[in-house]
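*Asks:* If it helps, the file is called entry.cif and holds mmCIF, C-alpha atoms:
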data_structure
#
loop_
_atom_site.group_PDB
_atom_site.id
_atom_site.type_symbol
_atom_site.label_atom_id
_atom_site.label_comp_id
_atom_site.auth_asym_id
_atom_site.auth_seq_id
_atom_site.Cartn_x
_atom_site.Cartn_y
_atom_site.Cartn_z
ATOM 1 C CA MET A 1 87.514 59.922 67.320
ATOM 2 C CA LEU A 2 85.995 58.151 70.299
ATOM 3 C CA ILE A 3 88.633 56.872 72.685
ATOM 4 C CA LEU A 4 87.690 54.263 75.289
ATOM 5 C CA THR A 5 89.682 52.628 78.047
ATOM 6 C CA ARG A 6 89.008 48.893 78.404
ATOM 7 C CA LYS A 7 90.417 46.061 80.495
ATOM 8 C CA ILE A 8 91.341 42.551 79.436
ATOM 9 C CA GLY A 9 88.153 40.521 79.067
ATOM 10 C CA GLU A 10 86.010 43.579 78.379
ATOM 11 C CA GLN A 11 84.290 44.355 75.110
ATOM 12 C CA VAL A 12 83.329 47.164 72.813
ATOM 13 C CA ALA A 13 80.148 46.925 70.778
ATOM 14 C CA ILE A 14 79.783 48.741 67.453
ATOM 15 C CA GLY A 15 76.133 48.711 66.534
ATOM 16 C CA ASP A 16 74.204 45.491 67.069
ATOM 17 C CA ARG A 17 76.428 43.155 65.142
ATOM 18 C CA ILE A 18 80.061 44.021 65.761
ATOM 19 C CA LYS A 19 81.874 43.179 69.002
ATOM 20 C CA ILE A 20 85.518 43.702 69.828
ATOM 21 C CA PHE A 21 87.003 41.761 72.733
ATOM 22 C CA ILE A 22 90.196 42.757 74.482
ATOM 23 C CA VAL A 23 91.794 39.310 74.733
ATOM 24 C CA ASP A 24 95.230 40.131 76.050
ATOM 25 C CA VAL A 25 97.718 42.947 76.500
ATOM 26 C CA LYS A 26 101.453 42.279 76.539
ATOM 27 C CA GLY A 27 103.718 45.295 76.639
ATOM 28 C CA LYS A 28 102.903 47.269 73.490
ATOM 29 C CA GLN A 29 100.851 44.493 71.898
ATOM 30 C CA VAL A 30 97.114 44.105 72.197
ATOM 31 C CA ARG A 31 95.284 40.954 71.115
ATOM 32 C CA LEU A 32 91.781 41.628 69.911
ATOM 33 C CA GLY A 33 88.956 39.234 69.206
ATOM 34 C CA ILE A 34 86.518 40.540 66.633
ATOM 35 C CA GLU A 35 83.011 39.341 65.975
ATOM 36 C CA ALA A 36 81.475 40.818 62.852
ATOM 37 C CA PRO A 37 78.866 39.813 60.287
ATOM 38 C CA GLN A 38 80.169 37.687 57.440
ATOM 39 C CA GLU A 39 79.716 40.509 54.932
ATOM 40 C CA THR A 40 81.909 42.845 56.971
ATOM 41 C CA PRO A 41 85.515 42.040 56.128
ATOM 42 C CA VAL A 42 88.003 42.604 58.926
ATOM 43 C CA TYR A 43 91.684 43.214 58.125
ATOM 44 C CA ARG A 44 94.814 44.531 59.716
ATOM 45 C CA HIS A 45 94.680 48.070 58.392
ATOM 46 C CA GLU A 46 98.230 48.437 57.045
ATOM 47 C CA ILE A 47 97.972 45.173 55.105
ATOM 48 C CA TYR A 48 94.535 46.095 53.829
ATOM 49 C CA GLN A 49 95.883 49.461 52.688
ATOM 50 C CA LYS A 50 98.758 47.846 50.778
ATOM 51 C CA ILE A 51 96.504 45.326 49.068
ATOM 52 C CA HIS A 52 94.028 48.067 48.249
ATOM 53 C CA GLU A 53 96.807 50.065 46.546
ATOM 54 C CA GLU A 54 98.135 46.974 44.773
ATOM 55 C CA ASN A 55 94.660 46.138 43.439
ATOM 56 C CA ARG A 56 94.143 49.731 42.304
ATOM 57 C CA ALA A 57 97.417 49.600 40.366
ATOM 58 C CA ALA A 58 96.709 46.120 38.994
ATOM 59 C CA ALA A 59 93.353 47.321 37.665
ATOM 60 C CA GLN A 60 95.209 49.868 35.480
ATOM 61 C CA ILE A 61 97.055 47.276 33.403
ATOM 62 C CA GLU A 62 96.830 48.093 29.720
ATOM 63 C CA ALA A 63 96.130 45.168 27.454
ATOM 64 C CA GLY A 64 98.945 46.164 25.052
ATOM 65 C CA VAL A 65 101.707 46.452 27.663
ATOM 66 C CA PHE A 66 100.588 43.228 29.276
ATOM 67 C CA GLU A 67 100.447 41.396 25.954
ATOM 68 C CA GLU A 68 104.142 42.045 25.334
ATOM 69 C CA LEU A 69 105.257 40.933 28.794
ATOM 70 C CA ALA A 70 102.936 37.928 28.881
ATOM 71 C CA GLU A 71 104.784 36.395 25.940
ATOM 72 C CA ARG A 72 107.993 36.346 27.968
ATOM 73 C CA PHE A 73 106.777 34.378 30.975
ATOM 74 C CA GLY A 74 109.080 31.555 32.013
ATOM 75 C CA MET B 1 63.679 35.132 20.272
ATOM 76 C CA LEU B 2 64.252 37.394 23.242
ATOM 77 C CA ALA B 3 63.942 34.394 25.509
ATOM 78 C CA TYR B 4 67.393 33.295 24.361
ATOM 79 C CA LYS B 5 68.859 36.567 25.539
ATOM 80 C CA VAL B 6 67.592 36.325 29.096
ATOM 81 C CA ASP B 7 70.460 34.190 30.311
ATOM 82 C CA THR B 8 73.162 36.190 28.583
ATOM 83 C CA VAL B 9 74.873 39.266 29.981
ATOM 84 C CA GLU B 10 76.410 41.759 27.610
ATOM 85 C CA ILE B 11 79.119 44.157 28.656
ATOM 86 C CA GLU B 12 80.990 46.783 26.716
ATOM 87 C CA THR B 13 84.599 46.579 27.904
ATOM 88 C CA SER B 14 87.521 48.946 27.359
ATOM 89 C CA ARG B 15 89.974 46.103 26.603
ATOM 90 C CA PHE B 16 87.998 43.363 24.904
ATOM 91 C CA GLY B 17 85.151 45.125 23.115
ATOM 92 C CA THR B 18 81.665 43.765 23.739
ATOM 93 C CA LEU B 19 81.533 40.493 25.646
ATOM 94 C CA ALA B 20 78.478 38.274 25.756
ATOM 95 C CA VAL B 21 78.563 36.068 28.813
ATOM 96 C CA ASP B 22 76.363 33.173 29.850
ATOM 97 C CA GLU B 23 74.747 33.825 33.215
ATOM 98 C CA GLY B 24 76.020 30.390 34.260
ATOM 99 C CA GLU B 25 79.614 31.510 33.696
ATOM 100 C CA VAL B 26 79.363 34.485 36.034
ATOM 101 C CA ILE B 27 81.606 34.456 39.087
ATOM 102 C CA SER B 28 80.189 36.177 42.094
ATOM 103 C CA LEU B 29 82.410 37.965 44.621
ATOM 104 C CA PRO B 30 79.962 39.115 47.323
ATOM 105 C CA GLU B 31 82.592 41.357 48.955
ATOM 106 C CA GLY B 32 84.125 42.528 45.689
ATOM 107 C CA MET B 33 87.862 42.801 45.126
ATOM 108 C CA ILE B 34 89.589 44.723 47.929
ATOM 109 C CA GLY B 35 89.211 48.421 47.154
ATOM 110 C CA PHE B 36 86.391 47.739 44.695
ATOM 111 C CA MET B 37 83.507 46.905 47.006
ATOM 112 C CA GLY B 38 80.107 46.807 45.347
ATOM 113 C CA LEU B 39 81.383 45.349 42.070
ATOM 114 C CA THR B 40 80.523 41.712 42.552
ATOM 115 C CA ARG B 41 79.972 40.092 39.161
ATOM 116 C CA PHE B 42 82.892 38.960 37.026
ATOM 117 C CA ILE B 43 83.863 36.688 34.207
ATOM 118 C CA LEU B 44 87.135 34.766 34.140
ATOM 119 C CA PHE B 45 88.796 33.789 30.888
ATOM 120 C CA ARG B 46 92.196 32.598 29.724
ATOM 121 C CA HIS B 47 94.375 35.369 28.253
ATOM 122 C CA LYS B 48 95.249 33.112 25.319
ATOM 123 C CA GLU B 49 95.247 29.403 24.611
ATOM 124 C CA GLY B 50 98.137 27.966 26.636
ATOM 125 C CA SER B 51 98.854 31.241 28.475
ATOM 126 C CA PRO B 52 99.500 31.108 32.236
ATOM 127 C CA PHE B 53 97.452 34.306 32.634
ATOM 128 C CA LEU B 54 93.725 34.901 32.934
ATOM 129 C CA TRP B 55 91.606 38.022 32.835
ATOM 130 C CA LEU B 56 89.004 38.748 35.477
ATOM 131 C CA GLN B 57 86.621 41.209 33.847
ATOM 132 C CA SER B 58 83.934 43.052 35.802
ATOM 133 C CA LEU B 59 80.451 42.718 34.340
ATOM 134 C CA GLU B 60 79.397 45.958 36.015
ATOM 135 C CA ASP B 61 82.293 48.213 35.014
ATOM 136 C CA GLY B 62 83.667 47.653 31.529
ATOM 137 C CA GLU B 63 86.964 49.329 32.434
ATOM 138 C CA LEU B 64 87.663 47.142 35.438
ATOM 139 C CA ALA B 65 89.714 44.032 34.780
ATOM 140 C CA PHE B 66 92.502 42.210 36.581
ATOM 141 C CA VAL B 67 95.158 39.845 35.303
ATOM 142 C CA LEU B 68 95.377 36.644 37.344
ATOM 143 C CA MET B 69 97.705 33.670 37.387
ATOM 144 C CA ASP B 70 98.031 30.359 39.166
ATOM 145 C CA PRO B 71 100.286 30.909 42.217
ATOM 146 C CA LEU B 72 101.529 27.326 41.942
ATOM 147 C CA LEU B 73 103.469 28.419 38.839
ATOM 148 C CA LEU B 74 105.493 30.695 41.117
ATOM 149 C CA VAL B 75 105.632 28.764 44.395
ATOM 150 C CA SER B 76 105.239 25.029 43.924
ATOM 151 C CA ASP B 77 104.131 24.421 47.525
ATOM 152 C CA TYR B 78 101.810 27.436 47.736
ATOM 153 C CA ASP B 79 99.517 26.830 50.662
ATOM 154 C CA LEU B 80 96.204 28.392 51.564
ATOM 155 C CA ASN B 81 94.794 28.643 55.025
ATOM 156 C CA ILE B 82 91.105 29.443 54.718
ATOM 157 C CA THR B 83 89.184 30.381 57.850
ATOM 158 C CA PRO B 84 85.900 28.626 58.720
ATOM 159 C CA GLU B 85 84.064 31.909 58.002
ATOM 160 C CA ASP B 86 85.484 32.051 54.481
ATOM 161 C CA THR B 87 84.835 28.360 53.968
ATOM 162 C CA ALA B 88 81.176 29.032 54.753
ATOM 163 C CA LEU B 89 81.056 32.139 52.563
ATOM 164 C CA LEU B 90 82.404 30.222 49.582
ATOM 165 C CA GLY B 91 80.076 27.284 50.174
ATOM 166 C CA ILE B 92 82.871 24.789 50.659
ATOM 167 C CA GLU B 93 81.286 21.738 52.231
ATOM 168 C CA THR B 94 84.191 19.457 52.922
ATOM 169 C CA PRO B 95 87.677 20.504 53.967
ATOM 170 C CA ASP B 96 89.289 18.750 51.000
ATOM 171 C CA HIS B 97 86.841 20.254 48.563
ATOM 172 C CA SER B 98 88.943 21.745 45.813
ATOM 173 C CA VAL B 99 89.067 25.490 45.363
ATOM 174 C CA GLN B 100 90.911 27.576 42.825
ATOM 175 C CA ALA B 101 93.363 30.202 43.996
ATOM 176 C CA TRP B 102 94.485 32.989 41.692
ATOM 177 C CA ALA B 103 97.136 35.614 42.304
ATOM 178 C CA VAL B 104 96.448 39.162 41.117
ATOM 179 C CA VAL B 105 99.159 40.243 38.687
ATOM 180 C CA ASN B 106 100.580 43.754 38.580
ATOM 181 C CA ILE B 107 103.010 45.500 36.251
ATOM 182 C CA GLY B 108 105.495 47.804 37.974
ATOM 183 C CA ARG B 109 106.163 51.315 36.732
ATOM 184 C CA GLN B 110 109.938 50.821 36.506
ATOM 185 C CA ASP B 111 111.737 50.631 33.176
ATOM 186 C CA PRO B 112 111.935 47.930 31.970
ATOM 187 C CA PRO B 113 108.626 47.006 33.584
ATOM 188 C CA GLU B 114 108.489 43.992 35.870
ATOM 189 C CA ILE B 115 105.573 41.723 36.532
ATOM 190 C CA THR B 116 104.677 40.747 40.071
ATOM 191 C CA ALA B 117 101.923 38.612 41.562
ATOM 192 C CA ASN B 118 100.138 39.142 44.857
ATOM 193 C CA LEU B 119 100.540 35.877 46.755
ATOM 194 C CA LEU B 120 99.385 37.353 50.064
ATOM 195 C CA ALA B 121 95.828 38.098 48.940
ATOM 196 C CA PRO B 122 94.727 35.469 46.427
ATOM 197 C CA LEU B 123 91.316 35.400 44.859
ATOM 198 C CA VAL B 124 89.853 32.089 45.988
ATOM 199 C CA ILE B 125 86.997 30.646 43.953
ATOM 200 C CA ASN B 126 84.838 27.640 44.637
ATOM 201 C CA PRO B 127 84.212 26.368 41.098
ATOM 202 C CA ARG B 128 81.082 24.506 42.178
ATOM 203 C CA THR B 129 79.233 27.513 43.607
ATOM 204 C CA ARG B 130 81.094 30.073 41.435
ATOM 205 C CA LEU B 131 81.526 32.140 44.592
ATOM 206 C CA GLY B 132 84.807 33.837 45.302
ATOM 207 C CA LYS B 133 86.604 36.098 47.707
ATOM 208 C CA GLN B 134 89.934 37.864 47.753
ATOM 209 C CA ILE B 135 91.349 36.423 50.946
ATOM 210 C CA VAL B 136 94.101 38.112 52.915
ATOM 211 C CA LEU B 137 96.228 35.308 54.337
ATOM 212 C CA PHE B 138 97.182 35.763 57.984
ATOM 213 C CA GLU B 139 100.611 34.909 59.391
ATOM 214 C CA SER B 140 101.719 34.162 55.855
ATOM 215 C CA PRO B 141 105.241 34.189 54.407
ATOM 216 C CA TYR B 142 104.022 35.288 50.968
ATOM 217 C CA ALA B 143 104.652 38.664 49.361
ATOM 218 C CA ILE B 144 102.251 41.173 47.850
ATOM 219 C CA ARG B 145 104.784 41.636 45.033
ATOM 220 C CA HIS B 146 106.239 38.246 44.250
ATOM 221 C CA PRO B 147 108.366 38.500 41.074
ATOM 222 C CA VAL B 148 107.036 36.778 37.969
ATOM 223 C CA PRO B 149 110.017 35.495 35.957
ATOM 224 C CA LEU B 150 110.370 36.759 32.386
ATOM 225 C CA LYS B 151 112.619 35.485 29.639
ATOM 226 C CA GLY B 152 114.932 37.561 27.488
ATOM 227 C CA LYS B 153 115.899 41.250 27.276
#
What does this structure look like when you write it as structure tokens?

*Replies:*
Amino acid sequence: MLILTRKIGEQVAIGDRIKIFIVDVKGKQVRLGIEAPQETPVYRHEIYQKIHEENRAAAQIEAGVFEELAERFG
Amino acid sequence: MLAYKVDTVEIETSRFGTLAVDEGEVISLPEGMIGFMGLTRFILFRHKEGSPFLWLQSLEDGELAFVLMDPLLLVSDYDLNITPEDTALLGIETPDHSVQAWAVVNIGRQDPPEITANLLAPLVINPRTRLGKQIVLFESPYAIRHPVPLKGK
């Protein structure tokens, strides 16, 4: 992994189209500004990971099991 | 005769058998569902007449389908905050332009099984352009596993 030291107001460029700005640092929190092409989704990793797992599980729903539960909505 | 077939997509699915879909009905998710990048073409249909649930079936992978539901059935003041980038991606021209939001439904592994809906990352579709995106809401109070109430048992 590449590790860089940056100051507030400085940037990191990833390729031609992705830029990360160090906006602010307060204690243990860093505020980042991210410029990326529209087709490159940017997420907080831990939330992305959870949604990824949730989607993976949701894609496994069996029609039969769902059918039974769907009748009981309300 | 073949000319009639040009605008129809056929897909062999694991849950619904063979589906024939009008090209005009196809919903396009340029970024795919999260975790399923590259699968961008889907069809959305009601589970049953009068059912609160819908199926989102991939037209590129017959085994890939999601159950969706209207989040307003769970949280009556459900609110979406769509960024300008996503507004542009979905082709929403005016801020009040209506979009559809759908929560992805999951069935837990516990016994008896419980249904939950992901209110934090709804699939947002612009019905006019038929473009959609699963949007992760920032600074949002909503849960990834919001309980879906069930009657009986």

*Asks:* Could you check which of B:Ile115, B:Ile92, B:Leu131, B:Val124 is closest to chain A, using all atoms listed in the file?

*Replies:*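 Counting all atoms listed in the file, the residue closest to chain A is B:Ile115.
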
*Asks:* Which residues of chain A have any atom within 10 Å of an atom in chain B when counting all atoms listed in the file, and what is the closest pair of atoms for each, with the distance in Å to one decimal? Order the rows by chain and rising number and write it as a Markdown table.

*Replies:*
| residue | atom | partner | partner_atom | distance |
| --- | --- | --- | --- | --- |
| A:Pro37 | CA | B:Glu85 | CA | 9.7 |
| A:Gln38 | CA | B:Glu85 | CA | 7.0 |
| A:Glu39 | CA | B:Glu31 | CA | 6.7 |
| A:Thr40 | CA | B:Glu31 | CA | 8.2 |
| A:Pro41 | CA | B:Glu31 | CA | 7.8 |
| A:Val42 | CA | B:Val136 | CA | 9.7 |
| A:Tyr43 | CA | B:Val136 | CA | 7.7 |
| A:Arg44 | CA | B:Phe138 | CA | 9.2 |
| A:Ile47 | CA | B:Val136 | CA | 8.3 |
| A:Tyr48 | CA | B:Ile34 | CA | 7.8 |
| A:Gln49 | CA | B:Gly35 | CA | 8.7 |
| A:Lys50 | CA | B:Ile144 | CA | 8.1 |
| A:Ile51 | CA | B:Ile34 | CA | 7.0 |
| A:His52 | CA | B:Gly35 | CA | 5.0 |
| A:Glu53 | CA | B:Gly35 | CA | 7.8 |
| A:Glu54 | CA | B:Asn106 | CA | 7.4 |
| A:Asn55 | CA | B:Ile34 | CA | 6.9 |
| A:Arg56 | CA | B:Gly35 | CA | 7.0 |
| A:Ala57 | CA | B:Asn106 | CA | 6.9 |
| A:Ala58 | CA | B:Asn106 | CA | 4.6 |
| A:Ala59 | CA | B:Phe66 | CA | 5.3 |
| A:Gln60 | CA | B:Leu64 | CA | 8.0 |
| A:Ile61 | CA | B:Ile107 | CA | 6.8 |
| A:Glu62 | CA | B:Arg15 | CA | 7.8 |
| A:Ala63 | CA | B:Arg15 | CA | 6.3 |
| A:Gly64 | CA | B:Arg15 | CA | 9.1 |
| A:Val65 | CA | B:Ile107 | CA | 8.7 |
| A:Phe66 | CA | B:Ile107 | CA | 7.7 |
| A:Glu67 | CA | B:His47 | CA | 8.9 |
| A:Leu69 | CA | B:Leu150 | CA | 7.5 |
| A:Ala70 | CA | B:Phe53 | CA | 7.6 |
| A:Glu71 | CA | B:Ser51 | CA | 8.3 |
| A:Arg72 | CA | B:Lys151 | CA | 5.0 |
| A:Phe73 | CA | B:Leu150 | CA | 4.5 |
| A:Gly74 | CA | B:Leu150 | CA | 5.4 |

*Asks:* Can you pull out the residues contacting Gln11 in chain A? Cut-off 10 Å, using all atoms listed in the file, and skip same-chain residues under 2 positions away; I want them as JSON, numbers by chain.

*Replies:* {"A": [6, 7, 8, 9, 13, 14, 19, 20, 21, 22, 23, 32, 33, 34]}

*Asks:* Tell me, as a PyMOL selection string, which residues lie within 10 Å of Glu25 in chain B, counting only C-alpha atoms; anything in the same chain fewer than 6 positions away does not count.

*Replies:* chain B and resi 8-9+42-45+130

*Asks:* Would you list the residues near (75.6, 38.3, 27.5), meaning any protein, DNA or RNA residue with an atom at most 10 Å from that point in file coordinates, counting all atoms listed in the file, as a PDB file with C-alpha atoms, keeping the file's coordinate frame?

*Replies:*
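For reference, result_31.pdb as written:
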ATOM      1  CA  LYS B   5      68.859  36.567  25.539  1.00  0.00           C
ATOM      2  CA  VAL B   6      67.592  36.325  29.096  1.00  0.00           C
ATOM      3  CA  ASP B   7      70.460  34.190  30.311  1.00  0.00           C
ATOM      4  CA  THR B   8      73.162  36.190  28.583  1.00  0.00           C
ATOM      5  CA  VAL B   9      74.873  39.266  29.981  1.00  0.00           C
ATOM      6  CA  GLU B  10      76.410  41.759  27.610  1.00  0.00           C
ATOM      7  CA  ILE B  11      79.119  44.157  28.656  1.00  0.00           C
ATOM      8  CA  THR B  18      81.665  43.765  23.739  1.00  0.00           C
ATOM      9  CA  LEU B  19      81.533  40.493  25.646  1.00  0.00           C
ATOM     10  CA  ALA B  20      78.478  38.274  25.756  1.00  0.00           C
ATOM     11  CA  VAL B  21      78.563  36.068  28.813  1.00  0.00           C
ATOM     12  CA  ASP B  22      76.363  33.173  29.850  1.00  0.00           C
ATOM     13  CA  GLU B  23      74.747  33.825  33.215  1.00  0.00           C
ATOM     14  CA  LEU B  59      80.451  42.718  34.340  1.00  0.00           C
TER      15      LEU B  59
END

*Asks:* Calculate how many Å separate CA of Leu80 in chain B from CA of Ser98 in chain B, rounding to one decimal.

*Replies:* 11.4 Å

*Asks:* Just the number, please: distance in Å from CA of Ser140 in chain B to CA of Ile82 in chain B, one decimal.

*Replies:*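 These two atoms are separated by 11.7 Å.
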
*Asks:* Quick one, how far is CA of Thr94 in chain B from CA of Val26 in chain B?

*Replies:*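 Result for CA of Thr94 in chain B versus CA of Val26 in chain B: 23.1 Å, one decimal.
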
*Asks:* Please write as JSON, numbers by chain the list of polymer residues whose atoms come within 7 Å of (77.8, 40.2, 63.8), counting all atoms listed in the file and keeping to the coordinates of the file.

*Replies:* {"A": [17, 18, 35, 36, 37]}

*Asks:* May I have the selected residues written with C-alpha atoms, as an mmCIF file, in the coordinates of the input?

*Replies:*
data_model
loop_
_atom_site.group_PDB
_atom_site.id
_atom_site.type_symbol
_atom_site.label_atom_id
_atom_site.label_comp_id
_atom_site.auth_asym_id
_atom_site.auth_seq_id
_atom_site.Cartn_x
_atom_site.Cartn_y
_atom_site.Cartn_z
ATOM 1 C CA ARG A 17 76.428 43.155 65.142
ATOM 2 C CA ILE A 18 80.061 44.021 65.761
ATOM 3 C CA GLU A 35 83.011 39.341 65.975
ATOM 4 C CA ALA A 36 81.475 40.818 62.852
ATOM 5 C CA PRO A 37 78.866 39.813 60.287
#

*Asks:* I want to know what sits within 8 Å of Leu39 in chain B, based on only C-alpha atoms, with residues of the same chain fewer than 2 positions away left out; could you give that as a PDB file with C-alpha atoms, in the frame of the given file?

*Replies:*
ATOM      1  CA  LEU B  29      82.410  37.965  44.621  1.00  0.00           C
ATOM      2  CA  GLY B  32      84.125  42.528  45.689  1.00  0.00           C
ATOM      3  CA  MET B  33      87.862  42.801  45.126  1.00  0.00           C
ATOM      4  CA  PHE B  36      86.391  47.739  44.695  1.00  0.00           C
ATOM      5  CA  MET B  37      83.507  46.905  47.006  1.00  0.00           C
ATOM      6  CA  ARG B  41      79.972  40.092  39.161  1.00  0.00           C
ATOM      7  CA  SER B  58      83.934  43.052  35.802  1.00  0.00           C
ATOM      8  CA  GLU B  60      79.397  45.958  36.015  1.00  0.00           C
ATOM      9  CA  ASP B  61      82.293  48.213  35.014  1.00  0.00           C
TER      10      ASP B  61
END

*Asks:* Around all the atoms of range 20-33 of chain A listed in the file, draw an axis-aligned box and extend it by 4 Å on each of the six sides; I want its centre and edge lengths in Å to one decimal, as lines of an AutoDock Vina configuration file.

*Replies:*
center_x = 94.6
center_y = 43.3
center_z = 72.9
size_x = 26.2
size_y = 16.0
size_z = 15.4

*Asks:* On this structure, the PyMOL selection byres ((chain B and resi 78) around 12) would catch which residues? List them as a count of residues only, sorted by chain and number.

*Replies:* 23

*Asks:* Output range 54-71 of chain A as a PDB file, in the frame of the given file, making sure N, CA, C and O atoms are there.

*Replies:*
ATOM      1  N   GLU A  54      97.653  47.924  45.774  1.00  0.00           N
ATOM      2  CA  GLU A  54      98.135  46.974  44.773  1.00  0.00           C
ATOM      3  C   GLU A  54      97.008  46.637  43.788  1.00  0.00           C
ATOM      4  O   GLU A  54      97.221  46.589  42.576  1.00  0.00           O
ATOM      5  N   ASN A  55      95.814  46.420  44.303  1.00  0.00           N
ATOM      6  CA  ASN A  55      94.660  46.138  43.439  1.00  0.00           C
ATOM      7  C   ASN A  55      94.353  47.324  42.525  1.00  0.00           C
ATOM      8  O   ASN A  55      94.062  47.150  41.345  1.00  0.00           O
ATOM      9  N   ARG A  56      94.408  48.519  43.104  1.00  0.00           N
ATOM     10  CA  ARG A  56      94.143  49.731  42.304  1.00  0.00           C
ATOM     11  C   ARG A  56      95.114  49.815  41.131  1.00  0.00           C
ATOM     12  O   ARG A  56      94.737  50.121  40.016  1.00  0.00           O
ATOM     13  N   ALA A  57      96.399  49.541  41.425  1.00  0.00           N
ATOM     14  CA  ALA A  57      97.417  49.600  40.366  1.00  0.00           C
ATOM     15  C   ALA A  57      97.194  48.471  39.359  1.00  0.00           C
ATOM     16  O   ALA A  57      97.275  48.679  38.147  1.00  0.00           O
ATOM     17  N   ALA A  58      96.892  47.283  39.872  1.00  0.00           N
ATOM     18  CA  ALA A  58      96.709  46.120  38.994  1.00  0.00           C
ATOM     19  C   ALA A  58      95.526  46.324  38.048  1.00  0.00           C
ATOM     20  O   ALA A  58      95.526  45.808  36.926  1.00  0.00           O
ATOM     21  N   ALA A  59      94.536  47.091  38.489  1.00  0.00           N
ATOM     22  CA  ALA A  59      93.353  47.321  37.665  1.00  0.00           C
ATOM     23  C   ALA A  59      93.646  48.270  36.503  1.00  0.00           C
ATOM     24  O   ALA A  59      92.824  48.437  35.607  1.00  0.00           O
ATOM     25  N   GLN A  60      94.842  48.903  36.538  1.00  0.00           N
ATOM     26  CA  GLN A  60      95.209  49.868  35.480  1.00  0.00           C
ATOM     27  C   GLN A  60      95.981  49.225  34.333  1.00  0.00           C
ATOM     28  O   GLN A  60      96.423  49.920  33.434  1.00  0.00           O
ATOM     29  N   ILE A  61      96.223  47.919  34.420  1.00  0.00           N
ATOM     30  CA  ILE A  61      97.055  47.276  33.403  1.00  0.00           C
ATOM     31  C   ILE A  61      96.448  47.463  32.017  1.00  0.00           C
ATOM     32  O   ILE A  61      95.263  47.212  31.805  1.00  0.00           O
ATOM     33  N   GLU A  62      97.303  47.932  31.097  1.00  0.00           N
ATOM     34  CA  GLU A  62      96.830  48.093  29.720  1.00  0.00           C
ATOM     35  C   GLU A  62      97.053  46.796  28.967  1.00  0.00           C
ATOM     36  O   GLU A  62      98.104  46.168  29.098  1.00  0.00           O
ATOM     37  N   ALA A  63      96.070  46.442  28.170  1.00  0.00           N
ATOM     38  CA  ALA A  63      96.130  45.168  27.454  1.00  0.00           C
ATOM     39  C   ALA A  63      97.398  45.074  26.597  1.00  0.00           C
ATOM     40  O   ALA A  63      98.047  44.033  26.548  1.00  0.00           O
ATOM     41  N   GLY A  64      97.792  46.170  25.953  1.00  0.00           N
ATOM     42  CA  GLY A  64      98.945  46.164  25.052  1.00  0.00           C
ATOM     43  C   GLY A  64     100.257  45.891  25.765  1.00  0.00           C
ATOM     44  O   GLY A  64     101.052  45.048  25.350  1.00  0.00           O
ATOM     45  N   VAL A  65     100.489  46.609  26.866  1.00  0.00           N
ATOM     46  CA  VAL A  65     101.707  46.452  27.663  1.00  0.00           C
ATOM     47  C   VAL A  65     101.770  45.034  28.208  1.00  0.00           C
ATOM     48  O   VAL A  65     102.811  44.370  28.171  1.00  0.00           O
ATOM     49  N   PHE A  66     100.641  44.564  28.693  1.00  0.00           N
ATOM     50  CA  PHE A  66     100.588  43.228  29.276  1.00  0.00           C
ATOM     51  C   PHE A  66     100.884  42.165  28.224  1.00  0.00           C
ATOM     52  O   PHE A  66     101.654  41.237  28.455  1.00  0.00           O
ATOM     53  N   GLU A  67     100.292  42.341  27.065  1.00  0.00           N
ATOM     54  CA  GLU A  67     100.447  41.396  25.954  1.00  0.00           C
ATOM     55  C   GLU A  67     101.925  41.096  25.685  1.00  0.00           C
ATOM     56  O   GLU A  67     102.338  39.946  25.562  1.00  0.00           O
ATOM     57  N   GLU A  68     102.714  42.169  25.637  1.00  0.00           N
ATOM     58  CA  GLU A  68     104.142  42.045  25.334  1.00  0.00           C
ATOM     59  C   GLU A  68     104.881  41.260  26.425  1.00  0.00           C
ATOM     60  O   GLU A  68     105.669  40.361  26.143  1.00  0.00           O
ATOM     61  N   LEU A  69     104.582  41.593  27.684  1.00  0.00           N
ATOM     62  CA  LEU A  69     105.257  40.933  28.794  1.00  0.00           C
ATOM     63  C   LEU A  69     104.785  39.497  28.956  1.00  0.00           C
ATOM     64  O   LEU A  69     105.571  38.613  29.296  1.00  0.00           O
ATOM     65  N   ALA A  70     103.524  39.263  28.679  1.00  0.00           N
ATOM     66  CA  ALA A  70     102.936  37.928  28.881  1.00  0.00           C
ATOM     67  C   ALA A  70     103.633  36.885  28.028  1.00  0.00           C
ATOM     68  O   ALA A  70     103.783  35.733  28.433  1.00  0.00           O
ATOM     69  N   GLU A  71     104.102  37.318  26.857  1.00  0.00           N
ATOM     70  CA  GLU A  71     104.784  36.395  25.940  1.00  0.00           C
ATOM     71  C   GLU A  71     106.093  35.889  26.523  1.00  0.00           C
ATOM     72  O   GLU A  71     106.622  34.870  26.101  1.00  0.00           O
TER      73      GLU A  71
END
